[in-house]
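So the structure is just underneath, and the comments pick up after that.
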Amino acid sequence: MATLQAAVSCSNVSQLTCNGVPSSSSRSSSSAVVSWLSPSSKFSSELRLSSVSSFSQSTSVLQNSSVVSQVRREALRPGKVGAARAATGEKNVLIINTNSGGHAVIGFYFAKDLRAAGFDVTILTVGEESSDKMKKPPFSRFSELKEVGVQTIWGSPADVGAAVGSAKFDVVLDNSGKDLDSVKPVADWAKASGVEQFLFISSAGIYKSTDEPPHVEGDAVKGAGHAEVEKYVSELGFKSWASFRPQYMTGSGNNKDCEEYFFDRIVRGRPILIPEPGLQLTNISHVSDLSSILTLAAQKPEAANGQIFNCVSDRAVTLSGFARLCAKAAGKEVEVILYNPKAVGVDVKKAFPFRPVHFYAEPRAAKELLGWTSKTNLPEDLKERYAEYISIGRDKKDIKFELDDKILEAVKQPVTV
């Protein structure tokens with residue numbers, strides 16, 4: 001217990017957590033779903049501390065000649081994938097990518113990493129290319145994908161065949177659907193089309209609360225939504241399938257606020273308001289770590305087959321510690337004020353971007369089965385994010401803080417101007 005208390009006081013803790021939180025899904029499902037995903041003996045749920053070593057982020061760069069890149073771009077057009085495979089011997093990957101939310105950036109990084117690893121890649125974004133959503137990152141940066149030979153198309157996951165034409169794929173990643181109704185058409189099409197490997201982006205929010213943290217693969221889950229998808233895909237008979245459960249993400253191109261909540265207040269000299277006690281542990285992973293796990297799964301289909309992977313970095317951070325890391329990245333001081341949401345009378349989901357309890361999973365399966373290691377460093381990643389925050393001029397935007405002011409009034413703290 002003394003070790004646990006000492007570790008919790010740190011701002012950036014390795015492989016330590018407490019209870020997770022239920023996801024927002026409330027749908028029930030059959031007991032078969034829950035029993036299929038019940039804790040296994042392969043990955044124990046023992047609380048442990050792992051290595052705290054961190055590494056500088058590395059960026060993979062595809063080094064093909066312009067001639068070869070042009071040949072591949074042309075060969076990847078629907079109906080010509082077979083020619084590309086014959087010419088290069090590479091596997092063809094189709095990424096079904098969501099057009100909203102924090103997960104969209106996963107497909108963007110995965111496409112880049114796959115190309116750097118020698119795969120042929122098509123990314124199918126949900127919706128239309130002319131949509132206003134495409135003006136935001138990561139979609140506004142799709143030119144970077146085209147430069148390395150990724151084909152970008154748009155369409156509906158409900159009719160993948162219409163979007164890809166006669167193109168054939170070896171691997172499909174569904175990074176769009178969140179329940180069986182939305183994923184089933186993609187999975188059924190993939191199976192009927194001869195796809196060998198099917199990958200699915202699930203969520204670490206699937207885990208039930210536990211008295212034996214951190215969450216590891218095999219822990220009990222809620223039996224609806226993502227769990228139903230995982231069970232269905234497991235029964236389709238793909239040569240290889242796997243599911244990935246991410247948590248909070250950071251990284252260039254992310255269009256869902258994470259550290260921005262903290263930067264918005266830090267640059268304006270306002271305090272950071274955190275639900276007490278502020279020592280809650282969570283995992284905020286750079287998307288490149290998540291993408292590297294996915295890429296290894298595509299490279300090692302036998303090792304990945306039938307597995308669940310917590311798609312997270314290997315270090316935790318306290319909520320108060322994250323506020324201080326954001327301030328350090330900005331080169332500024334910050335005041336952290338703790339409060340009780342119920343006593344103040346505010347909806348914590350509207351007042352704070354993270355769950356106000358311990359919510360942390362460990363990437364045990366990725367390390368043991370795929371040989372994965374993290375290559376990122378959260379303090380350095382936040383410096384990158386702050387530079388991007390300033391470059392887009394968000395520090396100059398007129399932002400209202402009415403809810404913050406209500407909380408400050410309730411805890412009798414003066415409003416900082």
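Residue names in the structure tokens use chain letters A, B, ... in the order shown, residue numbers from 1 in each chain, and ligand numbers from 1 in the order shown.
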
Please produce, as a Markdown table, a per-residue contact table for segment 325-373 of chain A versus segment 303-315 of chain A (criterion: any atom at most 12 Å away, only C-alpha atoms considered), showing the nearest atom pair and its distance in Å to one decimal, sorted by chain then residue number.
```
| residue | atom | partner | partner_atom | distance |
| --- | --- | --- | --- | --- |
| A:Phe359 | CA | A:Val312 | CA | 11.8 |
| A:Tyr360 | CA | A:Val312 | CA | 9.0 |
| A:Ala361 | CA | A:Asn310 | CA | 6.6 |
| A:Glu362 | CA | A:Asp314 | CA | 6.2 |
| A:Pro363 | CA | A:Asn310 | CA | 4.9 |
| A:Arg364 | CA | A:Asn310 | CA | 7.4 |
| A:Ala365 | CA | A:Phe309 | CA | 5.7 |
| A:Ala366 | CA | A:Phe309 | CA | 6.1 |
| A:Lys367 | CA | A:Phe309 | CA | 9.6 |
| A:Glu368 | CA | A:Ala303 | CA | 9.9 |
| A:Leu369 | CA | A:Ala303 | CA | 6.1 |
| A:Leu370 | CA | A:Ala303 | CA | 6.6 |
| A:Gly371 | CA | A:Ala303 | CA | 10.0 |
| A:Trp372 | CA | A:Ser313 | CA | 10.3 |
| A:Thr373 | CA | A:Asp314 | CA | 8.3 |
```

Output the selection as a PDB file, in the first residue's frame - C-alpha atoms for each residue.
```pdb
ATOM      1  CA  PHE A 359      -9.343   4.953 -16.003  1.00  0.00           C
ATOM      2  CA  TYR A 360      -6.225   3.205 -17.196  1.00  0.00           C
ATOM      3  CA  ALA A 361      -5.440   0.110 -19.268  1.00  0.00           C
ATOM      4  CA  GLU A 362      -2.101  -1.606 -19.825  1.00  0.00           C
ATOM      5  CA  PRO A 363      -0.793  -2.740 -23.263  1.00  0.00           C
ATOM      6  CA  ARG A 364       0.277  -6.156 -21.992  1.00  0.00           C
ATOM      7  CA  ALA A 365      -0.787  -8.210 -25.016  1.00  0.00           C
ATOM      8  CA  ALA A 366       0.956  -5.892 -27.493  1.00  0.00           C
ATOM      9  CA  LYS A 367       4.214  -6.288 -25.611  1.00  0.00           C
ATOM     10  CA  GLU A 368       4.004 -10.034 -25.050  1.00  0.00           C
ATOM     11  CA  LEU A 369       2.525 -11.143 -28.383  1.00  0.00           C
ATOM     12  CA  LEU A 370       3.763  -8.542 -30.875  1.00  0.00           C
ATOM     13  CA  GLY A 371       7.030  -7.458 -29.264  1.00  0.00           C
ATOM     14  CA  TRP A 372       5.767  -3.854 -29.137  1.00  0.00           C
ATOM     15  CA  THR A 373       7.508  -1.048 -27.259  1.00  0.00           C
TER      16      THR A 373
END
```

For Val150 of chain A: contacts at 8 Å, only C-alpha atoms, fewer than 2 positions along chain excluded, given as a list in words: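 In the requested form, the answer reads Arg73, Ala111, Lys112, Arg115, Asp120, Val121, Thr122, Ile123, Leu145, Lys146, Glu147, Val148 and Thr152 of chain A.
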
Could you save those same residues with N, CA, C and O atoms as an mmCIF file, in the first residue's frame?
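The result, written out as selection18.cif:
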```
data_model
loop_
_atom_site.group_PDB
_atom_site.id
_atom_site.type_symbol
_atom_site.label_atom_id
_atom_site.label_comp_id
_atom_site.auth_asym_id
_atom_site.auth_seq_id
_atom_site.Cartn_x
_atom_site.Cartn_y
_atom_site.Cartn_z
ATOM 1 N N ARG A 73 0.342 4.488 -57.079
ATOM 2 C CA ARG A 73 -0.887 5.274 -56.969
ATOM 3 C C ARG A 73 -1.858 4.885 -58.081
ATOM 4 O O ARG A 73 -3.048 4.740 -57.871
ATOM 5 N N ALA A 111 -2.373 4.604 -41.940
ATOM 6 C CA ALA A 111 -2.119 4.594 -43.387
ATOM 7 C C ALA A 111 -0.661 4.950 -43.679
ATOM 8 O O ALA A 111 -0.002 4.316 -44.512
ATOM 9 N N LYS A 112 -0.160 5.963 -42.991
ATOM 10 C CA LYS A 112 1.252 6.352 -43.188
ATOM 11 C C LYS A 112 2.208 5.246 -42.778
ATOM 12 O O LYS A 112 3.170 4.929 -43.485
ATOM 13 N N ARG A 115 2.259 2.299 -45.230
ATOM 14 C CA ARG A 115 3.019 2.586 -46.454
ATOM 15 C C ARG A 115 4.513 2.501 -46.179
ATOM 16 O O ARG A 115 5.282 1.963 -46.987
ATOM 17 N N ASP A 120 0.335 -1.727 -49.539
ATOM 18 C CA ASP A 120 -0.483 -0.865 -50.385
ATOM 19 C C ASP A 120 -1.728 -0.505 -49.571
ATOM 20 O O ASP A 120 -2.319 -1.377 -48.927
ATOM 21 N N VAL A 121 -2.134 0.760 -49.630
ATOM 22 C CA VAL A 121 -3.168 1.237 -48.709
ATOM 23 C C VAL A 121 -4.221 2.069 -49.426
ATOM 24 O O VAL A 121 -3.908 2.951 -50.231
ATOM 25 N N THR A 122 -5.481 1.786 -49.124
ATOM 26 C CA THR A 122 -6.606 2.622 -49.516
ATOM 27 C C THR A 122 -7.347 3.013 -48.250
ATOM 28 O O THR A 122 -7.616 2.153 -47.404
ATOM 29 N N ILE A 123 -7.660 4.287 -48.101
ATOM 30 C CA ILE A 123 -8.414 4.740 -46.943
ATOM 31 C C ILE A 123 -9.774 5.250 -47.410
ATOM 32 O O ILE A 123 -9.858 6.159 -48.233
ATOM 33 N N LEU A 145 -1.011 11.842 -47.321
ATOM 34 C CA LEU A 145 -1.204 10.423 -47.633
ATOM 35 C C LEU A 145 -1.004 10.162 -49.116
ATOM 36 O O LEU A 145 -0.355 9.188 -49.512
ATOM 37 N N LYS A 146 -1.554 11.046 -49.937
ATOM 38 C CA LYS A 146 -1.424 10.875 -51.387
ATOM 39 C C LYS A 146 0.029 10.945 -51.817
ATOM 40 O O LYS A 146 0.458 10.242 -52.742
ATOM 41 N N GLU A 147 0.808 11.773 -51.134
ATOM 42 C CA GLU A 147 2.223 11.926 -51.484
ATOM 43 C C GLU A 147 3.012 10.631 -51.310
ATOM 44 O O GLU A 147 4.009 10.412 -51.994
ATOM 45 N N VAL A 148 2.567 9.784 -50.376
ATOM 46 C CA VAL A 148 3.285 8.526 -50.161
ATOM 47 C C VAL A 148 2.585 7.338 -50.807
ATOM 48 O O VAL A 148 2.949 6.181 -50.567
ATOM 49 N N THR A 152 -7.074 7.710 -51.498
ATOM 50 C CA THR A 152 -8.131 8.219 -50.628
ATOM 51 C C THR A 152 -9.453 8.221 -51.383
ATOM 52 O O THR A 152 -9.553 8.795 -52.474
#
```

Å distance separating atom CA of Leu319 of chain A from atom CA of Val221 of chain A, one decimal place: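 Interatomic distance here is 24.4 Å.
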
Within 12 Å of Val346 of chain A using only C-alpha atoms, minus same-chain residues under 6 positions, as number ranges by chain: A: 275, 339-340, 352, 402-408, 410

List every residue of segment 127-237 of chain A that has an atom at most 10 Å from any atom of segment 285-300 of chain A, and for each one report the closest atom pair and its distance in Å to one decimal, counting only C-alpha atoms, with rows sorted by chain and then by increasing residue number, as JSON lines.
```
{"residue": "A:Asp170", "atom": "CA", "partner": "A:Ala298", "partner_atom": "CA", "distance": 9.8}
{"residue": "A:Val171", "atom": "CA", "partner": "A:Ala298", "partner_atom": "CA", "distance": 7.5}
{"residue": "A:Val172", "atom": "CA", "partner": "A:Ala298", "partner_atom": "CA", "distance": 9.6}
{"residue": "A:Leu173", "atom": "CA", "partner": "A:Leu294", "partner_atom": "CA", "distance": 9.2}
{"residue": "A:Gln197", "atom": "CA", "partner": "A:Ala298", "partner_atom": "CA", "distance": 7.9}
{"residue": "A:Phe198", "atom": "CA", "partner": "A:Ala298", "partner_atom": "CA", "distance": 9.4}
{"residue": "A:Leu199", "atom": "CA", "partner": "A:Leu294", "partner_atom": "CA", "distance": 8.4}
{"residue": "A:Phe200", "atom": "CA", "partner": "A:Leu294", "partner_atom": "CA", "distance": 9.8}
{"residue": "A:Ile201", "atom": "CA", "partner": "A:Leu294", "partner_atom": "CA", "distance": 9.5}
```

Test item, alpha helix (DSSP H) assignment across segment 165-322 of chain A, answer as an mmCIF file with C-alpha atoms, in the first residue's frame:
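Output contents, as saved in selection-v4.cif:
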```cif
data_model
loop_
_atom_site.group_PDB
_atom_site.id
_atom_site.type_symbol
_atom_site.label_atom_id
_atom_site.label_comp_id
_atom_site.auth_asym_id
_atom_site.auth_seq_id
_atom_site.Cartn_x
_atom_site.Cartn_y
_atom_site.Cartn_z
ATOM 1 C CA LEU A 180 -22.841 -4.563 -34.618
ATOM 2 C CA ASP A 181 -25.368 -2.808 -36.853
ATOM 3 C CA SER A 182 -22.654 -0.551 -38.295
ATOM 4 C CA VAL A 183 -19.786 -3.061 -38.450
ATOM 5 C CA LYS A 184 -21.682 -6.139 -39.691
ATOM 6 C CA PRO A 185 -22.006 -4.900 -43.323
ATOM 7 C CA VAL A 186 -18.255 -4.243 -43.464
ATOM 8 C CA ALA A 187 -17.306 -7.561 -41.868
ATOM 9 C CA ASP A 188 -19.721 -9.530 -44.059
ATOM 10 C CA TRP A 189 -18.419 -7.831 -47.212
ATOM 11 C CA ALA A 190 -14.823 -8.499 -46.145
ATOM 12 C CA LYS A 191 -15.488 -12.182 -45.548
ATOM 13 C CA ALA A 192 -17.347 -12.591 -48.832
ATOM 14 C CA HIS A 226 -18.110 -3.142 -29.098
ATOM 15 C CA ALA A 227 -18.265 -6.510 -27.321
ATOM 16 C CA GLU A 228 -20.956 -7.741 -29.678
ATOM 17 C CA VAL A 229 -18.794 -6.740 -32.643
ATOM 18 C CA GLU A 230 -15.768 -8.580 -31.269
ATOM 19 C CA LYS A 231 -17.812 -11.751 -30.762
ATOM 20 C CA TYR A 232 -19.385 -11.581 -34.219
ATOM 21 C CA VAL A 233 -16.066 -11.023 -36.024
ATOM 22 C CA SER A 234 -14.466 -13.866 -34.065
ATOM 23 C CA GLU A 260 -6.510 21.940 -25.656
ATOM 24 C CA TYR A 261 -8.804 22.213 -22.616
ATOM 25 C CA PHE A 262 -5.727 22.835 -20.476
ATOM 26 C CA PHE A 263 -3.924 25.107 -22.949
ATOM 27 C CA ASP A 264 -7.048 27.276 -23.320
ATOM 28 C CA ARG A 265 -6.842 28.152 -19.637
ATOM 29 C CA ILE A 266 -3.085 28.187 -19.182
ATOM 30 C CA VAL A 287 -1.550 8.226 -31.722
ATOM 31 C CA SER A 288 1.732 7.040 -33.219
ATOM 32 C CA ASP A 289 1.971 4.471 -30.410
ATOM 33 C CA LEU A 290 -1.502 3.227 -31.255
ATOM 34 C CA SER A 291 -0.694 3.059 -34.948
ATOM 35 C CA SER A 292 2.507 1.122 -34.333
ATOM 36 C CA ILE A 293 0.533 -1.582 -32.504
ATOM 37 C CA LEU A 294 -1.871 -1.846 -35.441
ATOM 38 C CA THR A 295 0.979 -2.031 -37.920
ATOM 39 C CA LEU A 296 2.650 -4.859 -36.012
ATOM 40 C CA ALA A 297 -0.650 -6.753 -36.029
ATOM 41 C CA ALA A 298 -0.814 -6.422 -39.825
ATOM 42 C CA GLN A 299 2.797 -7.586 -40.115
ATOM 43 C CA PRO A 301 -1.221 -11.856 -38.500
ATOM 44 C CA GLU A 302 -0.578 -15.225 -36.856
ATOM 45 C CA ALA A 303 0.533 -13.644 -33.579
ATOM 46 C CA ALA A 304 -2.387 -11.202 -33.633
ATOM 47 C CA LEU A 319 -5.134 14.456 -13.850
ATOM 48 C CA SER A 320 -3.354 17.143 -11.829
ATOM 49 C CA GLY A 321 -0.035 15.961 -13.210
ATOM 50 C CA PHE A 322 -1.315 16.313 -16.759
#
```

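Taking only C-alpha atoms into account, Asp179 of chain A lies nearest to A:Ala224 out of the set A:Arg270, A:Ser156, A:Gly161, A:Ala224.
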
Closest of A:Ile272, A:Gly194, A:His215, A:Gly149 to Leu236 of chain A - atom-to-atom distances counting only C-alpha atoms: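 Once distances to Leu236 of chain A are computed over only C-alpha atoms, the minimum belongs to A:Gly194.
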
Two-atom distance - atom CA of Val357 of chain A, atom CA of Glu380 of chain A (Å):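 Computing the Euclidean distance for atom CA of Val357 of chain A and atom CA of Glu380 of chain A yields 25.2 Å.
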